[in-house]
Each structure stands twice: as structure tokens, then as C-alpha cells.
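The structure appears below as C-alpha cells.
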Amino acid sequence: MRFYKILLMRKVGVFLMLNSILFLFSQKQPDLLQYKTTEEKIKAWDLYCDSLSESENFPLLIKESDIGITLAKNNNKYLSKFYFYKGYGYEYTNNQYEKATVYFEKSLQLAKGKYQEQEVLALMRLNYMYYSIKEYKKGEELINYVKKIVDTVKIKNLKATLLGSIGEYYLDRSEFENFINYKLKAIDYLLLDKSKRETRNNIGISYLQIADAYNDMKQFEKAVEYTHYAVPYLKRSDGIAFLYNTYIEAYTNLGNIDLAKKYYLELYEIGRNNQMLFLNVSYANRNMSEFYLGKNRLELADDYADKALLFAEKSNDEEILMEANTIKGKVLVGQRKYSEAIKILKKALNFAYIYDKRFFAEINKKLSESYAAQKQWDKAYQYYKAYSQTNDSLSVESGKQSLANAEAKFQNKSKQQEIKSLINENTIHELTIKNSKKQRIYLISGLFAIAIIGGLIYNQSRNRKRINQKLMILNSELDKANKTKMQFFGILNHDLRSPVISLINFLHLQKEAPEMMDKETKERLELQTTAATEQLLEQMEDLLLWSKGQMENFVPSFKNYKVEDLFSDVKREFVWVNDIQISFNYSKNMVVFTDKEYMKTIIRNIINNSLKVLQGKIDGEIICKAWETDRESLIEIMDNGGGAHIDKFKALYEEHTSIGIKKGLGLHVIRDLCKSINCNIEVKSNQIIGETQIILRIKKA
């Protein structure tokens, strides 16, 4: 119900913000130095703040109103206005109602009994604020005060505003007869001076509120009729959004989906990027979802429900979020996703009773159905009982409404026929109540019988489910451990293979052809072999230390590392290579955001693969290069080993590509480690020029 009040109050707030001539002023900040007196400066700043509110620049209005508060510290009339501007800015900047209330109360305190126009404005906004922040006692006291002063107000548009506020108070409490009485009185006063732009806008909103009351009472033809009355009076985007939503609700319930879609698309176009209209867009999507749910077109219903929830969350509005969660829950029930439905519906239930008892009843009914589908009979009965009690209360309340009397009193149309219709409706409601009580007795009896059977079955299956869950957890952990073990063995196989091969080759050469080595060559090879062996030992220690911290979870540790340190460590690991040139190019102060050990392993594996390709090749060369862009750091390893078809590198991209153990697990290791540190890998291989480039792309922190 409050959804419509939100939209209305925005209109009414603009209606009496200031006189109509103020709409001519722009948002340009006035130069206060050109004004001689303080009063002139205050008036100029008042016009400026009004232009900000009219152009809906609410964040700036909050800031600039502080200057006005300082200027008017000794002028209560304008100080009241600037407090009002600040509250108005907070109200429409992410619905900061608590802050807004503080400043509206300050405005009212200064204006009360002295400045009637400003007093009416403050009363009107506080009526809505107290409802929004659930200060119901303050709201009741405020309306009692408004009732006392309304007859003393002589200015027609101010009297209309107060009458409208009283009507909205009753609308929030579903007292439709009182609401329409006061709202039609307000329209009568507004029509006496409908030439003003803001007055016309208020007339349109008032007609829409009456139309919305008819929607609530499911008299959709009447809702369309009063919506038509509003069309000529509305020009602003939020009023038009209200208009489209009223049409959408009426036409979806009348089954005219083509017209509903027309107004939905027009609303979506003006509201999807307008923060003020997010709740309107959410409400429209909820109505569309309700329609398709009723037609059992669950895919479309779910799509609209998701949009309703998205825009409800953006709107920061509790009631709209409650309504969106309700329709989402209903769709999930239709999809038989009962566990998800229960979770969503319980979120909605927290706020439903506060804002709309009809939603409270419907949510309890859907929760009862969901628990019954899960054979949780006690909970199903608990929620069905809450639904029945609330539904009975609503049926009695609905049967006492007399909308037709209110309309006949002010418009004198078909009075006797409408009275007869109300009598018939009351009779139908009484029969509905009796039937619902009988149905409840039958359902409760059936639920108890099924509960006994269900309890026995449940006890038998509960232990089996617990054991299955434990087995699933253990299997998952075992599978994860096996994957980690295979990944670690792959790293050991690939990283230690090349240094060991180098050592074995030297030993074979020394054993089988010692005469081929002179003293100098022998010393040089021994020195290289010793360095390679020491590096192998250091590499094994690195891997073992790394594995100690990684084998349990295999989770990388991200930090910023200097490329200079990274390349220096890698370079030392290949000191045994003497027939292939390995060079490193990088900026001295460049850093990469990564896990150092993961990245070293990746680069080491790529270089090892390049060394295999370059074995026996004259002028073999490997170039490691690092550079950066605005968004990412890049490391490239290039070799001139002749290039290869891109299919040779499939293991870098496809998890299930097979590769022989004799060729090593290098590509698989590179792929898995890159994936672990969110590193994208790119391969370029040109067989014509004989070069292969592997590029690692690392996002910056």
C-alpha cells in the first residue's frame, strides 16, 4: 500500500514547495556578493534551493541547504524553509527517512502556528515519514492535529493538501471509505484552481490514488476509469510512472496483457536508469510476474520476478522488497523448489504484517503449501493456521467497506445500485468465511492423519540421509586430495627432469668418452654440473617447503613481487644451460600481483619446454620479457625453436587433453597453476618465421 503513497507524496511535495513562479529559475548558484542585505541573499538562496528540488538534484540540495540554514539563522520563516529543503533532499537521496524526519520536525517546530504554508508542507511530509519509519503513534498524533486545523485553513490548495494527507493516513490502514471521502474533498478544492501546473499534477495523483483503491478492491474496470481521469493532469516522470503502474495492475488482472505490456515497456524505458523510479519498475515487474504465474508460464514469471527483486533491492524500500520476495517465493513454489521458496518467503514475512495484511496471509499460505510438500506437517499446520486467521480478518474487513457510498456522496452516480452491490458483496463475504472455516477443519484433520504416517517414514529415512551426507563429504575430500597429489607429482616430474638429465649426460660423457674433454673443458663442465646440482638441491628444497604449505589446500598467496626478483630466481635455475642463450628483459621497478612460487613454476616449465624444442639447434634463443599496461601485467616467453601447430598446445586450454608421461606434464601443470592464480595464457606460434610466444596476462591488484 505504501508504494502508492511514496509516489503521491513526491507529487504533493512538489505541489507546495513554493509559488509557481519559482519554476522559472535555473540551477545556477547565485553570487551572494551582488546582494546588499542579508534578506536579499536569503531570498536568492531560497529560489536557488527550490530550483534544485524542482530539477531533482537532491544530493546537491542537501549540501546547499546548509548555506541557507547559516544565512537564515535569525529568520525563522526562511530557516524553516531551509530545514525543509534539507529533509527533502535526504528523503529522495536513497530514502534516508530517519535523517529527513529530523529536519522536517525542525521545520514544523519553527513554522507551527506562524507560517501556514510552510507548516502544511512539513505536516504533509512528516505524515509519510512517520509511516515509513514505523512511528505510528507520532503519525496518529500528527493526523489528529491536522484534523483540528484543517477547517481554519482558507487557502484552497493548502486545505486540499491537508485533506489529502488525512485521506492517505486512512489509505495506509485500508479504511477505503474514509480515504475516498477526504480525497474527493481535496479534488473539489483543487479543481477550483486547476490552472496552476503543480495543482493539476496533484489532481492527477489524487485520481490515481482512487484508481489504486479500486485495484485493491479488485474492481479493475473502475480502476481504469479513474486512471483515465488522471491522464490530462500528469506531466512529470514520477507521476507518469505511477499512472503506468496503475494501468499495468488493472490490465493484467483484466487479462488484457497487450495493453499491460505497452505500459510496462513505456515505464521500463523511463525508469530503468532513474533511481527515483526503481520501486515503480519493481512493482511493474511484480504485476507482470503475477499474471504469467496465473497462466502457469513459469519461465516468464520467474524472469519478471527476478527483475522485480533486482529493482526492489536498488530502491532501498522495505515494502517493495517484501512484495518482490513474495512473488519470487510464489514462483519458486510453482517450480516446486520448496526449500528455496521457504527461504525467500520467510524474508518477506518479516515485514508483511506491518505493511499489508493481504501479503501476510498469502505468504503464510505459500509457506504452508511448501512445508506440506516437504511432509513437514507441524510447520505446514502452523502457517496454515496463521493464514486462516488473517484471511478471516481480511474477509470481515473487506465486507465492511463501502466505496460505492463514498463515490455516490460526491459524484451522485448510481447510488441505489451501488448500495445493493455492497449488500451482495457482504453476503458473499460471509459465505466465504463460513466455507473457509469448514475447509480449514477438513484440511487440519487430513494433515494430522498424514503427519502420523509421514513421521514414521521420516524416522526411517533420517539416519540413512545422515550417513549418505557424510559419505558424500568424505568422497569430495578424497577426490580433492587425489587431484592435489597428481598436480604436485606433475610439478616434481617436470621441474626436476631437466637438471637431472643434464647431470646424467655429463656423467655419461665422462664415463664413455673422457678423451674428448681436455682439462679446461672438464673443469668447466664440472663447475657447471656442480652449480646445476646445487641449484637442483635448492629447487627441491623450494618445492618441498612450498608443498608443506600447499598440499593441504593448494591455495595461492597473492602479493606484489618485483619482476627483477622473479626473473633472477628463474635465471639461477638454468645456469647449467650453455648452448642456448636465455635473456631477460624488464623494467627495473616493475611488480606483478601474484603468488611467487606459482609464477616461478609456470615460467620454469615454459622455459623447460622451450629447451627441449631447441636441443641440437644452432643459435637457439629464449627471451623472457615483462611489461605492463593500465590494467594488467604481461610476461612473454619466446623461443626460436621452429614454431608448431596450435593443436600442440591444446593441453594449455583443454583439461581432458591426453599427453604422454615421457613428454612430461608441463603443459597440464602450466594450465592448472595459471588457473589457480587467475592468470590468462595466450599462445602464438608461427612456423614460417619459426617462433613461438607464450604470453601470461596477470590482472593488477
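All residue names refer to the C-alpha cells as shown: chains lettered A, B, ... in order, residues numbered from 1 in each chain, ligands numbered from 1 in order.
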
Query raised in the report: Which polymer residues have any atom within 9 Å of an atom of Leu525 of chain A, counting only C-alpha atoms, with same-chain residues fewer than 4 positions away left out, as a PyMOL selection string?
Result: chain A and resi 506+520-521+529-530+576

Report task. Skip Ile635 of chain A itself and residues of its chain fewer than 6 positions away, then list as a VMD selection string all residues within 10 Å of it, counting only C-alpha atoms. Result -> chain A and resid 563 585 to 586 592 603 624 to 628 681 694 to 698

Any chance you can output those residues with C-alpha atoms as a PDB file, in the first residue's frame?
```pdb
ATOM      1  CA  VAL A 563      59.798  -8.856 -11.682  1.00  0.00           C
ATOM      2  CA  ASN A 585      64.103  -8.004 -20.444  1.00  0.00           C
ATOM      3  CA  TYR A 586      62.071  -5.973 -17.928  1.00  0.00           C
ATOM      4  CA  VAL A 592      53.288  -8.256 -10.555  1.00  0.00           C
ATOM      5  CA  ILE A 603      57.857 -19.782 -16.141  1.00  0.00           C
ATOM      6  CA  CYS A 624      61.739 -13.668 -21.268  1.00  0.00           C
ATOM      7  CA  LYS A 625      60.162 -10.214 -21.450  1.00  0.00           C
ATOM      8  CA  ALA A 626      57.896  -8.343 -18.996  1.00  0.00           C
ATOM      9  CA  TRP A 627      55.893  -5.146 -19.471  1.00  0.00           C
ATOM     10  CA  GLU A 628      52.617  -3.641 -18.238  1.00  0.00           C
ATOM     11  CA  ILE A 681      47.570 -17.654 -21.017  1.00  0.00           C
ATOM     12  CA  ILE A 694      53.584 -17.783 -24.743  1.00  0.00           C
ATOM     13  CA  ILE A 695      52.105 -14.719 -23.038  1.00  0.00           C
ATOM     14  CA  LEU A 696      50.940 -14.657 -19.408  1.00  0.00           C
ATOM     15  CA  ARG A 697      48.377 -11.952 -18.574  1.00  0.00           C
ATOM     16  CA  ILE A 698      48.104 -11.028 -14.880  1.00  0.00           C
TER      17      ILE A 698
END
```

Query raised in the report: Nearest to Ala241 of chain A among A:Ala373, A:Ile327, A:Ile205, A:Ala223, with distances taken over only C-alpha atoms: which residue is it?
Result: A:Ile205

Requested in this report: Quick one: everything within 10 Å of Asn57 of chain A, counting only C-alpha atoms, minus sequence neighbours fewer than 3 positions away in the same chain. Send it as JSON, numbers by chain.
Outcome: {"A": [27, 49, 51, 52, 53, 54, 60, 61, 62, 89, 92, 93]}

Once you have the residues from the selection above, write them out as a CSV table (one decimal), in the first residue's frame, restricted to N, CA and C atoms.
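Writing done, so here's again.csv:
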```
chain,number,residue,atom,x,y,z
A,27,GLN,N,19.3,26.2,-12.1
A,27,GLN,CA,20.1,25.7,-11.0
A,27,GLN,C,21.4,26.4,-10.8
A,49,CYS,N,17.6,27.0,-4.1
A,49,CYS,CA,17.3,25.7,-3.5
A,49,CYS,C,16.0,25.1,-4.1
A,51,SER,N,14.9,25.6,-7.1
A,51,SER,CA,15.2,25.1,-8.4
A,51,SER,C,15.9,23.8,-8.4
A,52,LEU,N,16.8,23.5,-7.3
A,52,LEU,CA,17.4,22.2,-7.2
A,52,LEU,C,16.4,21.1,-6.9
A,53,SER,N,15.4,21.4,-6.0
A,53,SER,CA,14.4,20.4,-5.7
A,53,SER,C,13.5,20.2,-7.0
A,54,GLU,N,13.2,21.2,-7.7
A,54,GLU,CA,12.4,21.0,-8.9
A,54,GLU,C,13.1,20.2,-10.0
A,60,LEU,N,22.8,17.6,-4.2
A,60,LEU,CA,23.3,19.0,-4.1
A,60,LEU,C,22.4,19.8,-3.2
A,61,LEU,N,21.1,19.5,-3.2
A,61,LEU,CA,20.2,20.2,-2.4
A,61,LEU,C,20.6,20.1,-0.9
A,62,ILE,N,21.0,18.9,-0.5
A,62,ILE,CA,21.4,18.7,0.9
A,62,ILE,C,22.5,19.6,1.3
A,89,GLY,N,15.8,16.7,0.6
A,89,GLY,CA,17.0,16.1,-0.1
A,89,GLY,C,17.3,14.8,0.5
A,92,TYR,N,14.8,11.9,-0.7
A,92,TYR,CA,14.9,11.4,-2.1
A,92,TYR,C,16.4,11.1,-2.5
A,93,THR,N,17.3,11.0,-1.5
A,93,THR,CA,18.6,10.5,-1.8
A,93,THR,C,18.7,9.2,-1.0
```

Query raised in the report: Which polymer residues have any atom within 8 Å of an atom of segment 169-171 of chain A, counting only C-alpha atoms, with same-chain residues fewer than 5 positions away left out, as a VMD selection string?
Result: chain A and resid 1 127 143 176 178 to 179

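Considering the residues A:Ala186, A:Ile210, A:Val333, A:Leu123 and counting only C-alpha atoms, Asn296 of chain A has its shortest atom-to-atom contact with A:Val333.
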
Query raised in the report: Near Gly616 of chain A, within 9 Å and counting only C-alpha atoms, which residues show up once chain neighbours fewer than 3 positions away are dropped, as JSON, numbers by chain?
Result: {"A": [579, 613, 620]}

Query raised in the report: Which residue gives the smallest distance to Phe360 of chain A among A:Arg631, A:Lys612, A:Lys138, A:Lys346, with only C-alpha atoms counted?
Result: A:Lys346

Set the distance at 10 Å and use only C-alpha atoms: which residues neighbour Leu367 of chain A once local chain neighbours fewer than 2 positions away are removed? I'd like the list as a PDB file with N, CA and C atoms, in the first residue's frame.
```
ATOM      1  N   GLY A 329       9.006 -15.939  -4.202  1.00  0.00           N
ATOM      2  CA  GLY A 329       8.689 -17.157  -3.462  1.00  0.00           C
ATOM      3  C   GLY A 329       7.543 -17.927  -4.089  1.00  0.00           C
ATOM      4  N   LYS A 330       6.517 -17.214  -4.557  1.00  0.00           N
ATOM      5  CA  LYS A 330       5.372 -17.881  -5.191  1.00  0.00           C
ATOM      6  C   LYS A 330       5.790 -18.596  -6.478  1.00  0.00           C
ATOM      7  N   VAL A 333       7.579 -21.762  -5.556  1.00  0.00           N
ATOM      8  CA  VAL A 333       6.608 -22.803  -5.179  1.00  0.00           C
ATOM      9  C   VAL A 333       6.026 -23.440  -6.439  1.00  0.00           C
ATOM     10  N   TYR A 338      10.914 -26.012  -3.237  1.00  0.00           N
ATOM     11  CA  TYR A 338      10.291 -25.633  -1.977  1.00  0.00           C
ATOM     12  C   TYR A 338      11.281 -25.079  -0.958  1.00  0.00           C
ATOM     13  N   ALA A 341      11.996 -21.591  -1.913  1.00  0.00           N
ATOM     14  CA  ALA A 341      10.790 -20.787  -1.700  1.00  0.00           C
ATOM     15  C   ALA A 341      10.623 -20.432  -0.231  1.00  0.00           C
ATOM     16  N   ILE A 342      10.855 -21.388   0.661  1.00  0.00           N
ATOM     17  CA  ILE A 342      10.716 -21.143   2.100  1.00  0.00           C
ATOM     18  C   ILE A 342      11.670 -20.051   2.555  1.00  0.00           C
ATOM     19  N   LYS A 343      12.906 -20.125   2.069  1.00  0.00           N
ATOM     20  CA  LYS A 343      13.920 -19.124   2.451  1.00  0.00           C
ATOM     21  C   LYS A 343      13.490 -17.717   2.025  1.00  0.00           C
ATOM     22  N   ILE A 344      13.019 -17.566   0.776  1.00  0.00           N
ATOM     23  CA  ILE A 344      12.613 -16.260   0.253  1.00  0.00           C
ATOM     24  C   ILE A 344      11.349 -15.762   0.947  1.00  0.00           C
ATOM     25  N   LEU A 345      10.372 -16.650   1.129  1.00  0.00           N
ATOM     26  CA  LEU A 345       9.102 -16.242   1.726  1.00  0.00           C
ATOM     27  C   LEU A 345       9.266 -15.812   3.180  1.00  0.00           C
ATOM     28  N   LYS A 346      10.188 -16.425   3.893  1.00  0.00           N
ATOM     29  CA  LYS A 346      10.427 -16.019   5.277  1.00  0.00           C
ATOM     30  C   LYS A 346      11.026 -14.617   5.346  1.00  0.00           C
ATOM     31  N   LEU A 349       8.106 -12.409   5.000  1.00  0.00           N
ATOM     32  CA  LEU A 349       7.195 -12.469   6.144  1.00  0.00           C
ATOM     33  C   LEU A 349       7.591 -11.494   7.247  1.00  0.00           C
ATOM     34  N   GLU A 362      -1.115 -14.288   2.352  1.00  0.00           N
ATOM     35  CA  GLU A 362      -0.691 -15.056   1.179  1.00  0.00           C
ATOM     36  C   GLU A 362       0.647 -15.755   1.418  1.00  0.00           C
ATOM     37  N   ILE A 363       1.579 -15.074   2.087  1.00  0.00           N
ATOM     38  CA  ILE A 363       2.890 -15.680   2.372  1.00  0.00           C
ATOM     39  C   ILE A 363       2.722 -16.887   3.280  1.00  0.00           C
ATOM     40  N   ASN A 364       1.886 -16.758   4.323  1.00  0.00           N
ATOM     41  CA  ASN A 364       1.644 -17.895   5.224  1.00  0.00           C
ATOM     42  C   ASN A 364       1.035 -19.074   4.481  1.00  0.00           C
ATOM     43  N   LYS A 365       0.159 -18.784   3.533  1.00  0.00           N
ATOM     44  CA  LYS A 365      -0.462 -19.860   2.752  1.00  0.00           C
ATOM     45  C   LYS A 365       0.586 -20.595   1.923  1.00  0.00           C
ATOM     46  N   GLU A 369       1.925 -24.529   2.113  1.00  0.00           N
ATOM     47  CA  GLU A 369       1.985 -25.441   0.970  1.00  0.00           C
ATOM     48  C   GLU A 369       3.389 -26.034   0.802  1.00  0.00           C
ATOM     49  N   SER A 370       4.419 -25.187   0.995  1.00  0.00           N
ATOM     50  CA  SER A 370       5.802 -25.642   0.808  1.00  0.00           C
ATOM     51  C   SER A 370       6.186 -26.685   1.847  1.00  0.00           C
ATOM     52  N   TYR A 371       5.838 -26.413   3.118  1.00  0.00           N
ATOM     53  CA  TYR A 371       6.167 -27.386   4.163  1.00  0.00           C
ATOM     54  C   TYR A 371       5.362 -28.673   4.001  1.00  0.00           C
ATOM     55  N   ALA A 372       4.122 -28.551   3.544  1.00  0.00           N
ATOM     56  CA  ALA A 372       3.321 -29.752   3.303  1.00  0.00           C
ATOM     57  C   ALA A 372       3.943 -30.593   2.196  1.00  0.00           C
ATOM     58  N   ALA A 373       4.459 -29.932   1.149  1.00  0.00           N
ATOM     59  CA  ALA A 373       5.108 -30.664   0.055  1.00  0.00           C
ATOM     60  C   ALA A 373       6.358 -31.389   0.541  1.00  0.00           C
ATOM     61  N   LYS A 379       4.860 -27.719  10.792  1.00  0.00           N
ATOM     62  CA  LYS A 379       5.084 -26.367  10.281  1.00  0.00           C
ATOM     63  C   LYS A 379       4.006 -25.977   9.268  1.00  0.00           C
ATOM     64  N   ALA A 380       3.589 -26.958   8.467  1.00  0.00           N
ATOM     65  CA  ALA A 380       2.532 -26.672   7.489  1.00  0.00           C
ATOM     66  C   ALA A 380       1.258 -26.232   8.203  1.00  0.00           C
ATOM     67  N   TYR A 381       0.927 -26.918   9.287  1.00  0.00           N
ATOM     68  CA  TYR A 381      -0.274 -26.558  10.047  1.00  0.00           C
ATOM     69  C   TYR A 381      -0.113 -25.182  10.705  1.00  0.00           C
ATOM     70  N   GLN A 382       1.081 -24.918  11.254  1.00  0.00           N
ATOM     71  CA  GLN A 382       1.348 -23.636  11.918  1.00  0.00           C
ATOM     72  C   GLN A 382       1.107 -22.459  10.971  1.00  0.00           C
ATOM     73  N   TYR A 383       1.640 -22.556   9.745  1.00  0.00           N
ATOM     74  CA  TYR A 383       1.494 -21.441   8.804  1.00  0.00           C
ATOM     75  C   TYR A 383       0.090 -21.382   8.206  1.00  0.00           C
ATOM     76  N   TYR A 384      -0.560 -22.552   8.050  1.00  0.00           N
ATOM     77  CA  TYR A 384      -1.924 -22.526   7.536  1.00  0.00           C
ATOM     78  C   TYR A 384      -2.877 -21.883   8.553  1.00  0.00           C
ATOM     79  N   TYR A 387      -2.485 -18.224   8.244  1.00  0.00           N
ATOM     80  CA  TYR A 387      -3.155 -17.772   7.022  1.00  0.00           C
ATOM     81  C   TYR A 387      -4.664 -17.673   7.234  1.00  0.00           C
TER      82      TYR A 387
END
```

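Going from atom CA of Leu163 of chain A over to atom CA of Val146 of chain A, you cover 8.5 Å.
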
Can you tell me which residues surround Gly642 of chain A at a distance of at most 10 Å, considering only C-alpha atoms, apart from same-chain residues fewer than 6 positions away, and format the answer as a CSV table (one decimal) with C-alpha atoms, in the first residue's frame?
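Below you can see selection.csv, which holds the result:
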```
chain,number,residue,atom,x,y,z
A,613,VAL,CA,62.5,-27.9,-28.6
A,614,LEU,CA,65.9,-26.1,-29.0
A,617,LYS,CA,69.6,-26.3,-32.7
A,620,GLY,CA,68.9,-21.3,-30.1
A,685,SER,CA,53.2,-19.9,-32.9
A,686,ASN,CA,54.5,-19.0,-36.4
A,687,GLN,CA,56.0,-21.9,-38.3
A,688,ILE,CA,57.1,-19.6,-41.2
A,689,ILE,CA,59.4,-17.4,-39.1
A,690,GLY,CA,60.0,-20.3,-36.6
A,691,GLU,CA,59.0,-18.6,-33.4
A,692,THR,CA,56.6,-19.5,-30.5
```

Requested in this report: Just give me the gap between atom CA of Cys679 of chain A and atom CA of Leu652 of chain A in Å, one decimal is fine.
Outcome: 11.9 Å

Query raised in the report: Please, which residues of segment 106-186 of chain A, numbered as in this document, come out helix (DSSP H, G or I) from DSSP, as a ChimeraX atom specification?
Result: /A:106-111,116-132,136-152,156-172,176-186

Query raised in the report: Quick one: of A:Tyr78, A:Tyr244, A:Tyr103, A:Tyr128, who's nearest to Tyr90 of chain A, counting only C-alpha atoms?
Result: A:Tyr103

Report task. Identify which of the residues A:Ala111, A:Leu142, A:Ala72, A:Val153 lies closest to Met124 of chain A, counting only C-alpha atoms when measuring atom-to-atom distances. Result -> A:Leu142

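Between Leu126 of chain A and the residues A:Asn640, A:Gln96, A:Ser165, A:Thr38, the shortest atom-to-atom distance, using only C-alpha atoms, involves A:Ser165.
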